[in-house]
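Printed here is input_3.csv (CSV, C-alpha atoms):
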chain,number,residue,atom,x,y,z
A,1,MET,CA,190.5,-22.6,145.3
A,2,THR,CA,194.3,-22.9,145.4
A,3,TRP,CA,197.0,-20.3,145.3
A,4,SER,CA,197.5,-18.7,141.9
A,5,LEU,CA,201.3,-18.8,141.6
A,6,PRO,CA,202.6,-21.7,139.6
A,7,PRO,CA,203.7,-24.5,141.9
A,8,GLN,CA,207.4,-24.3,140.9
A,9,GLU,CA,207.4,-20.6,141.9
A,10,ILE,CA,205.9,-21.4,145.2
A,11,GLU,CA,208.4,-24.1,145.8
A,12,ARG,CA,211.2,-21.8,144.8
A,13,LEU,CA,210.1,-19.2,147.2
A,14,ARG,CA,209.6,-21.8,149.9
A,15,GLU,CA,213.1,-23.1,149.5
A,16,ASP,CA,214.6,-19.6,149.7
A,17,ILE,CA,212.6,-18.8,152.9
A,18,ALA,CA,213.3,-22.2,154.5
A,19,ARG,CA,217.0,-22.1,153.7
A,20,ALA,CA,217.4,-18.5,155.0
A,21,VAL,CA,215.4,-19.3,158.2
A,22,ARG,CA,217.4,-22.5,158.9
A,23,ARG,CA,220.7,-20.6,158.5
A,24,VAL,CA,219.9,-17.8,160.9
A,25,CYS,CA,217.2,-19.3,163.1
A,26,PRO,CA,218.0,-18.9,166.7
A,27,ARG,CA,218.4,-22.1,168.7
A,28,TRP,CA,215.3,-21.5,170.7
A,29,LEU,CA,213.3,-21.6,167.5
A,30,ALA,CA,215.2,-24.4,165.8
A,31,ASP,CA,212.5,-26.9,166.1
A,32,ARG,CA,210.0,-24.5,164.7
A,33,ALA,CA,212.0,-23.3,161.8
A,34,ASP,CA,209.9,-25.1,159.2
A,35,ASP,CA,206.7,-23.7,160.8
A,36,VAL,CA,208.1,-20.2,160.7
A,37,ALA,CA,209.0,-20.6,157.0
A,38,GLN,CA,205.6,-22.1,156.2
A,39,THR,CA,203.7,-19.3,158.0
A,40,ALA,CA,205.8,-16.7,156.2
A,41,LEU,CA,205.0,-18.4,152.9
A,42,MET,CA,201.3,-18.4,153.7
A,43,ARG,CA,201.5,-14.7,154.4
A,44,VAL,CA,203.2,-14.0,151.1
A,45,MET,CA,200.6,-16.0,149.3
A,46,ASP,CA,198.0,-14.0,151.0
A,47,VAL,CA,199.6,-10.8,149.8
A,48,LEU,CA,199.7,-12.1,146.3
A,49,GLU,CA,196.1,-13.1,146.4
A,50,ARG,CA,195.1,-9.5,147.4
A,51,ARG,CA,196.9,-8.0,144.4
A,52,GLU,CA,194.0,-8.6,142.1
A,53,GLY,CA,194.9,-6.2,139.3
A,54,GLU,CA,198.5,-7.1,138.9
A,55,ARG,CA,199.9,-9.9,136.7
A,56,GLU,CA,203.6,-9.8,137.4
A,57,LEU,CA,205.6,-9.6,140.6
A,58,SER,CA,209.3,-9.1,140.9
A,59,PRO,CA,211.4,-11.7,142.9
A,60,PHE,CA,212.5,-8.7,144.9
A,61,TYR,CA,209.0,-7.9,145.9
A,62,LEU,CA,208.4,-11.5,146.9
A,63,LYS,CA,211.5,-11.7,149.0
A,64,LYS,CA,210.7,-8.5,150.7
A,65,ALA,CA,207.3,-9.8,151.6
A,66,ALA,CA,208.8,-13.1,152.7
A,67,TYR,CA,211.3,-11.4,154.9
A,68,SER,CA,208.7,-9.2,156.6
A,69,ALA,CA,206.6,-12.2,157.2
A,70,VAL,CA,209.5,-14.2,158.7
A,71,VAL,CA,210.6,-11.4,161.0
A,72,ASP,CA,207.1,-10.7,162.1
A,73,GLU,CA,206.7,-14.3,163.0
A,74,ILE,CA,210.0,-14.5,164.9
A,75,ARG,CA,209.2,-11.3,166.7
A,76,ARG,CA,205.7,-12.6,167.6
A,77,LEU,CA,207.3,-15.8,169.0
A,78,ARG,CA,209.9,-13.8,170.9
A,79,ARG,CA,207.1,-11.8,172.5
A,80,ARG,CA,205.3,-14.9,173.4
A,81,ARG,CA,208.2,-16.3,175.5
A,82,GLU,CA,207.3,-15.9,179.1
A,83,VAL,CA,210.8,-16.1,180.5
A,84,PRO,CA,213.3,-13.4,179.5
A,85,LEU,CA,216.1,-14.9,177.5
A,86,GLU,CA,218.8,-14.0,180.0
A,87,GLN,CA,216.8,-15.7,182.9
A,88,ASP,CA,216.0,-18.9,181.0
A,89,PRO,CA,218.1,-21.6,182.5
A,90,GLU,CA,216.6,-24.3,180.3
A,91,LEU,CA,217.5,-22.7,177.0
A,92,PRO,CA,220.7,-24.5,176.3
A,93,LEU,CA,219.2,-27.8,177.3
A,94,ARG,CA,216.3,-27.4,174.9
A,95,ALA,CA,218.7,-27.0,171.9
A,96,PRO,CA,219.9,-30.5,170.9
A,97,GLY,CA,223.7,-30.9,170.6
A,98,VAL,CA,224.5,-27.7,172.4
A,99,ASP,CA,227.0,-27.7,175.2
A,100,PRO,CA,225.5,-25.5,177.9
A,101,GLU,CA,228.9,-24.3,179.1
A,102,ARG,CA,230.0,-23.2,175.6
A,103,TRP,CA,226.6,-21.7,175.0
A,104,THR,CA,226.9,-19.6,178.1
A,105,ALA,CA,230.5,-18.6,177.3
A,106,SER,CA,229.4,-17.6,173.8
A,107,ARG,CA,226.6,-15.5,175.0
A,108,GLU,CA,228.8,-13.8,177.5
A,109,LEU,CA,231.3,-13.0,174.8
A,110,GLY,CA,228.5,-11.7,172.6
A,111,LYS,CA,227.4,-9.4,175.4
A,112,ALA,CA,231.0,-8.2,175.9
A,113,ILE,CA,231.3,-7.5,172.1
A,114,ARG,CA,228.1,-5.4,172.2
A,115,ASP,CA,229.4,-3.5,175.2
A,116,CYS,CA,232.7,-2.9,173.5
A,117,LEU,CA,231.0,-1.8,170.2
A,118,GLY,CA,229.3,0.9,172.2
A,119,GLU,CA,232.7,2.4,173.0
A,120,LEU,CA,234.1,2.5,169.5
A,121,LEU,CA,234.2,5.6,167.3
A,122,ALA,CA,230.9,5.8,165.4
A,123,ALA,CA,232.2,5.1,161.9
A,124,ARG,CA,234.4,2.2,163.1
A,125,ARG,CA,231.5,0.8,165.2
A,126,ARG,CA,229.3,0.7,162.1
A,127,ALA,CA,231.9,-0.9,159.9
A,128,VAL,CA,232.8,-3.5,162.5
A,129,THR,CA,229.1,-4.3,163.2
A,130,LEU,CA,228.6,-5.0,159.5
A,131,HIS,CA,231.7,-7.1,159.4
A,132,LEU,CA,230.6,-9.1,162.5
A,133,LEU,CA,227.2,-9.6,160.8
A,134,GLY,CA,229.0,-11.6,158.1
A,135,HIS,CA,229.7,-8.9,155.4
A,136,SER,CA,233.0,-8.9,153.6
A,137,VAL,CA,235.0,-5.6,153.4
A,138,PRO,CA,233.8,-4.9,149.9
A,139,GLU,CA,230.2,-5.5,151.0
A,140,VAL,CA,230.7,-3.2,154.0
A,141,ALA,CA,232.1,-0.5,151.6
A,142,GLU,CA,229.0,-0.9,149.4
A,143,LEU,CA,226.6,-0.7,152.3
A,144,MET,CA,228.4,2.3,153.8
A,145,LYS,CA,228.7,3.9,150.4
A,146,GLY,CA,232.3,4.6,151.0
A,147,PRO,CA,235.6,4.1,149.2
A,148,PHE,CA,237.0,0.6,149.6
A,149,LYS,CA,240.4,1.7,151.1
A,150,GLN,CA,238.7,3.9,153.7
A,151,THR,CA,236.3,1.2,154.6
A,152,GLU,CA,239.1,-1.3,154.9
A,153,ASN,CA,240.8,1.1,157.3
A,154,LEU,CA,237.7,1.5,159.4
A,155,VAL,CA,237.2,-2.3,159.6
A,156,TYR,CA,240.9,-3.0,160.4
A,157,ARG,CA,241.2,-0.3,163.1
A,158,GLY,CA,237.8,-1.0,164.5
A,159,MET,CA,238.5,-4.7,164.9
A,160,ALA,CA,241.8,-3.8,166.6
A,161,ASP,CA,239.9,-1.5,169.0
A,162,LEU,CA,237.3,-4.2,169.6
A,163,ARG,CA,240.0,-6.8,170.5
A,164,ARG,CA,241.7,-4.4,172.8
A,165,CYS,CA,238.5,-3.6,174.6
A,166,LEU,CA,237.6,-7.4,174.9
A,167,GLU,CA,241.1,-8.1,176.3
A,168,ALA,CA,240.6,-5.3,178.8
A,169,GLN,CA,237.4,-7.0,179.9
A,170,GLY,CA,239.3,-10.2,180.5
A,171,VAL,CA,238.6,-12.0,177.2
A,172,ARG,CA,241.7,-13.8,176.0
A,173,GLY,CA,242.3,-15.6,172.7
B,1,MET,CA,237.0,-13.5,183.5
B,2,ILE,CA,235.1,-15.0,180.7
B,3,GLN,CA,236.1,-18.7,180.2
B,4,GLY,CA,238.4,-19.5,177.4
B,5,THR,CA,238.2,-22.4,174.9
B,6,ASN,CA,240.6,-24.3,172.8
B,7,HIS,CA,240.5,-22.1,169.8
B,8,ASN,CA,241.4,-18.4,169.6
B,9,ARG,CA,238.3,-16.6,170.9
B,10,LEU,CA,239.3,-13.3,169.3
B,11,ASP,CA,239.6,-14.5,165.7
B,12,LEU,CA,237.0,-13.2,163.3
B,13,GLU,CA,235.0,-16.4,163.0
B,14,ALA,CA,234.8,-16.8,166.8
B,15,LEU,CA,233.8,-13.2,167.2
B,16,ARG,CA,231.1,-13.5,164.6
B,17,ARG,CA,229.7,-16.7,166.2
B,18,ALA,CA,229.6,-15.0,169.6
B,19,PHE,CA,228.0,-11.8,168.1
B,20,ALA,CA,225.4,-14.1,166.6
B,21,ALA,CA,224.7,-15.8,169.9
B,22,GLU,CA,221.2,-15.3,171.3
B,23,GLY,CA,220.6,-12.4,173.4
B,24,PRO,CA,217.7,-10.1,174.4
B,25,PRO,CA,216.5,-7.1,172.3
B,26,ALA,CA,218.0,-3.8,173.3
B,27,SER,CA,214.9,-2.9,175.1
B,28,ALA,CA,212.9,-5.3,177.2
B,29,ALA,CA,209.9,-5.6,174.8
B,30,GLY,CA,211.8,-4.7,171.7
B,31,GLU,CA,209.7,-1.6,171.2
B,32,ASP,CA,212.7,0.4,170.1
B,33,CYS,CA,213.5,-2.1,167.3
B,34,PRO,CA,213.2,-0.8,163.8
B,35,ASP,CA,210.5,-2.4,161.7
B,36,SER,CA,211.4,-5.1,159.3
B,37,GLU,CA,211.0,-3.0,156.2
B,38,ARG,CA,213.7,-0.6,157.4
B,39,ILE,CA,216.1,-3.4,158.1
B,40,TRP,CA,215.4,-4.9,154.7
B,41,ALA,CA,216.0,-1.5,153.0
B,42,ALA,CA,219.3,-1.0,154.9
B,43,VAL,CA,220.5,-4.4,153.9
B,44,ARG,CA,219.7,-3.5,150.3
B,45,GLY,CA,221.6,-0.2,150.7
B,46,GLU,CA,218.4,1.8,150.1
B,47,LEU,CA,218.2,3.8,153.3
B,48,PRO,CA,219.5,7.4,153.5
B,49,ASP,CA,222.9,7.5,155.2
B,50,ALA,CA,221.7,9.1,158.4
B,51,GLU,CA,218.9,6.5,158.9
B,52,ARG,CA,221.2,3.7,158.0
B,53,ASP,CA,223.7,4.9,160.7
B,54,THR,CA,221.0,5.2,163.3
B,55,LEU,CA,219.8,1.7,162.5
B,56,LEU,CA,223.3,0.2,162.6
B,57,ASP,CA,224.0,1.8,165.9
B,58,HIS,CA,220.9,0.0,167.2
B,59,VAL,CA,221.9,-3.3,165.5
B,60,ALA,CA,225.3,-3.1,167.2
B,61,VAL,CA,223.7,-3.4,170.6
B,62,CYS,CA,220.5,-5.4,169.9
B,63,SER,CA,221.0,-9.1,169.4
B,64,ALA,CA,217.4,-9.6,168.1
B,65,CYS,CA,217.8,-7.0,165.4
B,66,ALA,CA,221.3,-8.4,164.5
B,67,GLU,CA,219.4,-11.7,163.9
B,68,ASP,CA,216.9,-9.9,161.7
B,69,TRP,CA,219.7,-8.3,159.7
B,70,ARG,CA,221.4,-11.6,159.1
B,71,LEU,CA,218.2,-13.1,158.0
B,72,ALA,CA,217.6,-10.2,155.5
B,73,ALA,CA,221.2,-10.6,154.2
B,74,GLU,CA,220.7,-14.4,153.7
B,75,LEU,CA,217.4,-14.0,152.0
B,76,ALA,CA,218.7,-11.2,149.8
B,77,ARG,CA,221.7,-13.4,148.7
B,78,GLU,CA,219.6,-16.4,147.7
B,79,ARG,CA,219.8,-17.0,144.0
B,80,ARG,CA,220.7,-13.4,143.3
B,81,ALA,CA,222.7,-14.3,140.3
B,82,GLY,CA,220.3,-16.8,138.7
B,83,GLU,CA,216.8,-15.5,139.3
B,84,ALA,CA,214.5,-14.5,136.5
B,85,PRO,CA,213.5,-10.8,136.2
B,86,VAL,CA,209.8,-11.3,136.9
B,87,VAL,CA,207.5,-14.0,138.4
B,88,PRO,CA,204.4,-14.4,136.3
B,89,LEU,CA,201.2,-14.3,138.4
B,90,HIS,CA,199.2,-17.1,136.8
B,91,ARG,CA,195.6,-17.4,137.4
B,92,PRO,CA,193.9,-20.6,136.5
B,93,TRP,CA,190.9,-18.9,135.0
B,94,THR,CA,192.8,-16.7,132.6
B,95,ARG,CA,194.7,-17.6,129.6
B,96,GLN,CA,197.8,-15.5,129.3
B,97,VAL,CA,200.2,-15.8,126.4
B,98,ARG,CA,203.7,-15.0,127.4
B,99,PHE,CA,206.7,-14.4,125.3
B,100,LEU,CA,209.9,-15.5,126.9
B,101,VAL,CA,213.0,-13.8,125.6
B,102,PRO,CA,216.1,-16.0,125.4
B,103,ALA,CA,217.7,-14.3,128.4
B,104,THR,CA,214.8,-15.2,130.6
B,105,VAL,CA,214.9,-18.8,129.4
B,106,ALA,CA,218.6,-18.9,130.2
B,107,ALA,CA,218.0,-17.4,133.6
B,108,CYS,CA,215.3,-20.1,134.3
B,109,LEU,CA,217.7,-22.8,133.3
B,110,LEU,CA,220.3,-21.5,135.7
B,111,VAL,CA,217.7,-21.5,138.4
B,112,VAL,CA,216.8,-25.1,137.6
B,113,VAL,CA,220.4,-26.2,137.7
B,114,GLY,CA,220.8,-24.3,141.0
B,115,VAL,CA,217.7,-26.0,142.5
B,116,VAL,CA,219.0,-29.5,141.5
B,117,GLU,CA,222.4,-28.8,143.0
B,118,GLU,CA,220.9,-27.5,146.2
B,119,ARG,CA,218.5,-30.4,146.4
B,120,ARG,CA,221.6,-32.7,146.7
B,121,GLU,CA,222.8,-30.8,149.7
B,122,GLU,CA,219.5,-30.3,151.4
B,123,ARG,CA,217.6,-33.6,151.1
B,124,GLN,CA,215.4,-32.7,154.1
B,125,LEU,CA,213.6,-30.0,152.1
B,126,VAL,CA,210.0,-30.8,151.8
B,127,ALA,CA,209.0,-31.5,148.2
B,128,MET,CA,206.0,-30.1,146.6
B,129,ARG,CA,204.5,-32.3,144.0
B,130,GLY,CA,201.5,-30.4,142.7
B,131,ASP,CA,201.3,-32.2,139.3
B,132,GLU,CA,202.8,-35.6,140.1
B,133,GLN,CA,201.2,-38.8,141.0
B,134,GLY,CA,200.5,-39.0,144.7
B,135,ALA,CA,199.9,-35.3,145.0
B,136,ILE,CA,197.8,-33.9,147.8
B,137,ARG,CA,194.5,-32.4,146.5
B,138,PRO,CA,191.6,-30.9,148.5
B,139,LEU,CA,188.3,-32.7,148.4
B,140,VAL,CA,186.4,-29.8,149.9
B,141,ALA,CA,185.8,-26.4,148.3
B,142,GLY,CA,183.8,-23.3,148.7
B,143,ALA,CA,182.6,-23.0,152.3
B,144,LEU,CA,182.2,-25.3,155.3
B,145,PRO,CA,179.9,-24.9,158.3
B,146,ARG,CA,181.3,-24.0,161.6
B,147,GLU,CA,179.5,-27.0,163.3
B,148,ARG,CA,181.2,-29.5,160.9
B,149,PHE,CA,184.3,-28.0,159.6
B,150,LEU,CA,185.6,-31.2,158.0
B,151,LEU,CA,188.7,-30.8,155.8
B,152,ARG,CA,189.2,-33.7,153.5
B,153,TRP,CA,191.9,-34.4,150.9
B,154,GLU,CA,193.4,-37.1,148.7
B,155,GLY,CA,197.0,-38.1,149.0
B,156,PRO,CA,199.5,-41.0,148.9
B,157,GLU,CA,198.3,-44.3,150.3
B,158,GLY,CA,199.7,-45.4,153.7
B,159,ALA,CA,201.0,-42.0,154.5
B,160,LEU,CA,200.7,-40.1,157.8
B,161,TYR,CA,199.5,-36.5,157.5
B,162,ASP,CA,200.4,-33.2,159.2
B,163,VAL,CA,197.8,-30.5,158.8
B,164,ARG,CA,198.0,-26.8,159.6
B,165,VAL,CA,195.0,-24.4,159.5
B,166,THR,CA,195.4,-20.7,159.9
B,167,THR,CA,193.3,-17.5,159.6
B,168,ASP,CA,193.9,-15.1,156.8
B,169,ASP,CA,194.5,-11.9,158.7
B,170,LEU,CA,196.8,-12.4,161.7
B,171,LEU,CA,197.6,-16.0,160.8
B,172,ARG,CA,196.3,-17.3,164.0
B,173,GLU,CA,196.9,-21.0,164.2
B,174,VAL,CA,193.4,-22.4,164.3
B,175,ALA,CA,194.5,-26.1,164.3
B,176,ILE,CA,197.6,-28.1,164.0
B,177,ALA,CA,197.3,-31.9,163.7
B,178,ARG,CA,200.2,-34.3,163.3
B,179,ARG,CA,200.5,-37.8,162.1
B,180,LEU,CA,196.9,-38.3,161.1
B,181,GLU,CA,196.2,-41.7,159.5
B,182,ARG,CA,192.9,-40.6,157.9
B,183,ARG,CA,192.8,-38.1,155.2
B,184,GLU,CA,190.5,-35.8,157.0
B,185,LEU,CA,190.5,-33.4,159.9
B,186,LEU,CA,187.5,-32.2,161.8
B,187,VAL,CA,188.3,-28.8,163.3
B,188,PRO,CA,186.2,-28.4,166.5
B,189,ALA,CA,183.8,-25.5,166.5
B,190,ALA,CA,185.5,-24.3,169.7
B,191,LYS,CA,188.7,-23.7,167.7
B,192,LEU,CA,186.8,-21.5,165.3
B,193,ALA,CA,185.4,-19.3,168.0
B,194,GLY,CA,185.9,-15.6,167.3
B,195,ILE,CA,186.3,-16.1,163.6
B,196,THR,CA,183.5,-14.3,161.8
B,197,PRO,CA,181.4,-16.1,159.2
B,198,GLY,CA,182.7,-15.5,155.7
B,199,SER,CA,186.3,-15.5,156.8
B,200,LYS,CA,188.8,-17.4,154.7
B,201,LEU,CA,190.9,-20.0,156.4
B,202,TYR,CA,194.1,-21.4,154.9
B,203,TRP,CA,195.1,-25.0,155.3
B,204,HIS,CA,198.2,-27.0,154.3
B,205,VAL,CA,198.9,-30.7,154.4
B,206,THR,CA,202.2,-32.5,154.6
B,207,ALA,CA,202.2,-36.3,153.9
B,208,VAL,CA,204.9,-38.5,155.4
B,209,ARG,CA,205.1,-41.6,153.2
B,210,PRO,CA,206.0,-45.0,154.6
B,211,ASP,CA,209.5,-44.6,153.1
B,212,GLY,CA,209.9,-41.4,155.1
B,213,GLU,CA,209.7,-39.1,152.2
B,214,GLU,CA,207.6,-36.0,152.8
B,215,VAL,CA,205.2,-34.5,150.3
B,216,SER,CA,203.8,-31.1,150.8
B,217,SER,CA,200.6,-29.7,149.4
B,218,GLU,CA,199.9,-26.3,148.1
B,219,THR,CA,198.2,-24.0,150.5
B,220,PHE,CA,194.4,-24.3,150.1
B,221,SER,CA,191.7,-21.8,151.2
B,222,ILE,CA,188.2,-22.3,152.3
B,223,GLU,CA,185.5,-20.1,153.7
B,224,LEU,CA,183.9,-20.5,157.2
B,225,ARG,CA,180.2,-20.4,156.8

Written as C-alpha cells, that's how I'd like the structure from this file.
Amino acid sequence: MTWSLPPQEIERLREDIARAVRRVCPRWLADRADDVAQTALMRVMDVLERREGERELSPFYLKKAAYSAVVDEIRRLRRRREVPLEQDPELPLRAPGVDPERWTASRELGKAIRDCLGELLAARRRAVTLHLLGHSVPEVAELMKGPFKQTENLVYRGMADLRRCLEAQGVRG
Amino acid sequence: MIQGTNHNRLDLEALRRAFAAEGPPASAAGEDCPDSERIWAAVRGELPDAERDTLLDHVAVCSACAEDWRLAAELARERRAGEAPVVPLHRPWTRQVRFLVPATVAACLLVVVGVVEERREERQLVAMRGDEQGAIRPLVAGALPRERFLLRWEGPEGALYDVRVTTDDLLREVAIARRLERRELLVPAAKLAGITPGSKLYWHVTAVRPDGEEVSSETFSIELR
C-alpha cells in the first residue's frame, strides 16, 4: 500500500518542509536537514492515513502538522545531544565553512542580545523580539494586533534601547 | 569586550544574525518551552493576547524557541499567495468526481509556475517521479516475517540506493542504509526487536543515478508479521 495523497501534493508538501527546514536549520543539524524534513513528511503522511473518514484537508492543516513534526524532531535531536551546546568545543568545526571565531563572536552577541531584551520594557521587548525574528514592522503590528504607528514607535524605541544596552556591555558597531 | 568585526555589528541584519545564532534552551532540558502548537498559533496571530505575550517573553530569552518560531514563520509563508484552497485526499480504491472551479484551476497554475521557478533555484531538491519511467516501486506488499524482513523494489538501472525504515508511532529509525547497489534490503531481526507483530513499518527509497540525479520514492508501508 502506498500513501493516498496524490504524488504532486506530497512533493509540494515535501518542498515546503525541506525549504523551511534548510532556511532555519541550526548548524549542528545542517547535515541532517533532509532527514528531518523526510521524517516530518512521514509523520504528516501518518496523520493523513489515520483520518479515514475525511476526504479533504486544508493546506493550513497540512502545514500545521508538518511544522509540529519538524519541531518535535528537532527537539528530539536536541535532547539526544550529550554535550550541552555551550560546552561543545567541536560545534563550529563540525559545521562546514564556518569560521569558529566568528561563530563564537556571533553566539556571544546573541547571548548579549537576549540579556538586554530582558531589561527592556515589556511592550518594546516583544516588538523588538518579533523584529529580530525577521518580521517587518507591519507584520509586527499584525501579530501584536496594534496600530501601525504605535508599533513602529515600539520597534524604533526598543531597538534604540537594545543598542544602548549592548554598547554598555561593550559591544561596538 | 565582545570582539568586533569589519561590518557594523549593531545594524539590524547583524543583530538578527546574532539573535539567530545557536544557543541553549532557556531551561536546561527545555521543559519550560511552549509546545509547537502554541508557537504555530502565535505565529498565525491566533493566540489570546496574554498568552502571546507570555510566549514572546519566553522566545526573547530562549534561543531554541526562537529557532522554532522562525521555522513556523518560514513554513507559514511558503506559497501563501498561490496555494489552492483544499488538498483532495485521493484514495486509489475510490472513484471521486471533483468539480474544479476556475479559481482553483488558476490557483493550481500559479502553484505550478511557482514550483518551476523554485526548481531553477533549488536544483538539489530531491525529485519525486511516481509516474515517470524509472520510478521506484515496491516489490513487496502486505506483511513480511521478522526473520526475513526483506524489502525489495524496482528502480533505475545502475543507481545506488538509500533506504530508510521507520516505525509508525514514534518514528523510531529501524534501519538506514546508504548507497546500496542491489535493490533490496534485509532488515536484521535484531533491528526489529521490541516492535510488536502487526505493526506497520514505513520505508522510503532514494536512488542516486549514475549522472548524480536523485530520484525519491513515495513512502511505502508494510506490516511486520

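Using only C-alpha atoms, the shortest contact distance between chain A and any of B:Pro188, B:Leu150, B:Gly158, B:His204 is found at B:His204.
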
Find the residues around Ala21 of chain B up to 8 Å (all atoms listed in the file counted), leave out those fewer than 4 positions away in its own chain, and share them as a PyMOL selection string.
-> (chain A and resi 106-107+110) or (chain B and resi 17+63)

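Between atom CA of Ala66 of chain A and atom CA of Leu75 of chain B the separation is 8.7 Å.
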
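Considering only C-alpha atoms, the residue among B:Ala159, B:Ile222, B:Ala207, B:Leu180 positioned nearest to chain A is B:Ile222.
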
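You will find atom CA of Lys111 of chain A at 23.3 Å from atom CA of Glu74 of chain B.
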
Between atom CA of Asp35 of chain A and atom CA of Pro197 of chain B, measure the distance and give it in Å to one decimal.
-> 26.5 Å

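Comparing the minimum interatomic distances between Met45 of chain A and each of A:Gly134, A:Leu62, A:Asp72, A:Asn153, counting only C-alpha atoms, we find that A:Leu62 sits nearest.
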
Polymer residues at most 8 Å from Arg183 of chain B, only C-alpha atoms, same-chain spacing of 3 or more positions, as a PyMOL selection string | chain B and resi 152-155+161+180

Using all atoms listed in the file, pick whichever of A:Arg76, A:Arg124, A:Arg114, A:His131 has the shortest atom-to-atom distance to chain B.
-> A:Arg114

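Using all atoms listed in the file, the shortest contact distance between chain B and any of A:Val24, A:Ala168, A:Leu29, A:Ala141 is found at A:Val24.
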
Write out as a PyMOL selection string the residues lying within 6 Å of Thr206 of chain B, counting all atoms listed in the file and excluding same-chain residues fewer than 2 positions away.
-> chain B and resi 161-162+215-216

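Compared by their closest atoms to Arg125 of chain A, and using only C-alpha atoms, the residues B:Ala193, B:Val163, B:Leu56, B:Ala42 rank with B:Leu56 nearest.
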
Dump as a CSV table (one decimal) with C-alpha atoms, in the coordinates of the input all residues having an atom at most 12 Å from (217.6, -23.7, 159.9), computed in the file's coordinates with only C-alpha atoms.
chain,number,residue,atom,x,y,z
A,15,GLU,CA,213.1,-23.1,149.5
A,16,ASP,CA,214.6,-19.6,149.7
A,17,ILE,CA,212.6,-18.8,152.9
A,18,ALA,CA,213.3,-22.2,154.5
A,19,ARG,CA,217.0,-22.1,153.7
A,20,ALA,CA,217.4,-18.5,155.0
A,21,VAL,CA,215.4,-19.3,158.2
A,22,ARG,CA,217.4,-22.5,158.9
A,23,ARG,CA,220.7,-20.6,158.5
A,24,VAL,CA,219.9,-17.8,160.9
A,25,CYS,CA,217.2,-19.3,163.1
A,26,PRO,CA,218.0,-18.9,166.7
A,27,ARG,CA,218.4,-22.1,168.7
A,28,TRP,CA,215.3,-21.5,170.7
A,29,LEU,CA,213.3,-21.6,167.5
A,30,ALA,CA,215.2,-24.4,165.8
A,31,ASP,CA,212.5,-26.9,166.1
A,32,ARG,CA,210.0,-24.5,164.7
A,33,ALA,CA,212.0,-23.3,161.8
A,34,ASP,CA,209.9,-25.1,159.2
A,35,ASP,CA,206.7,-23.7,160.8
A,36,VAL,CA,208.1,-20.2,160.7
A,37,ALA,CA,209.0,-20.6,157.0
B,71,LEU,CA,218.2,-13.1,158.0
B,74,GLU,CA,220.7,-14.4,153.7
B,122,GLU,CA,219.5,-30.3,151.4
B,124,GLN,CA,215.4,-32.7,154.1
B,125,LEU,CA,213.6,-30.0,152.1

Do you know which residues lie at most 9 Å from (196.4, -29.1, 161.3), with coordinates as in the file and all atoms listed in the file counted, and could you write them as a VMD selection string?
-> chain B and resid 161 to 166 173 to 178 185 187 203 to 205
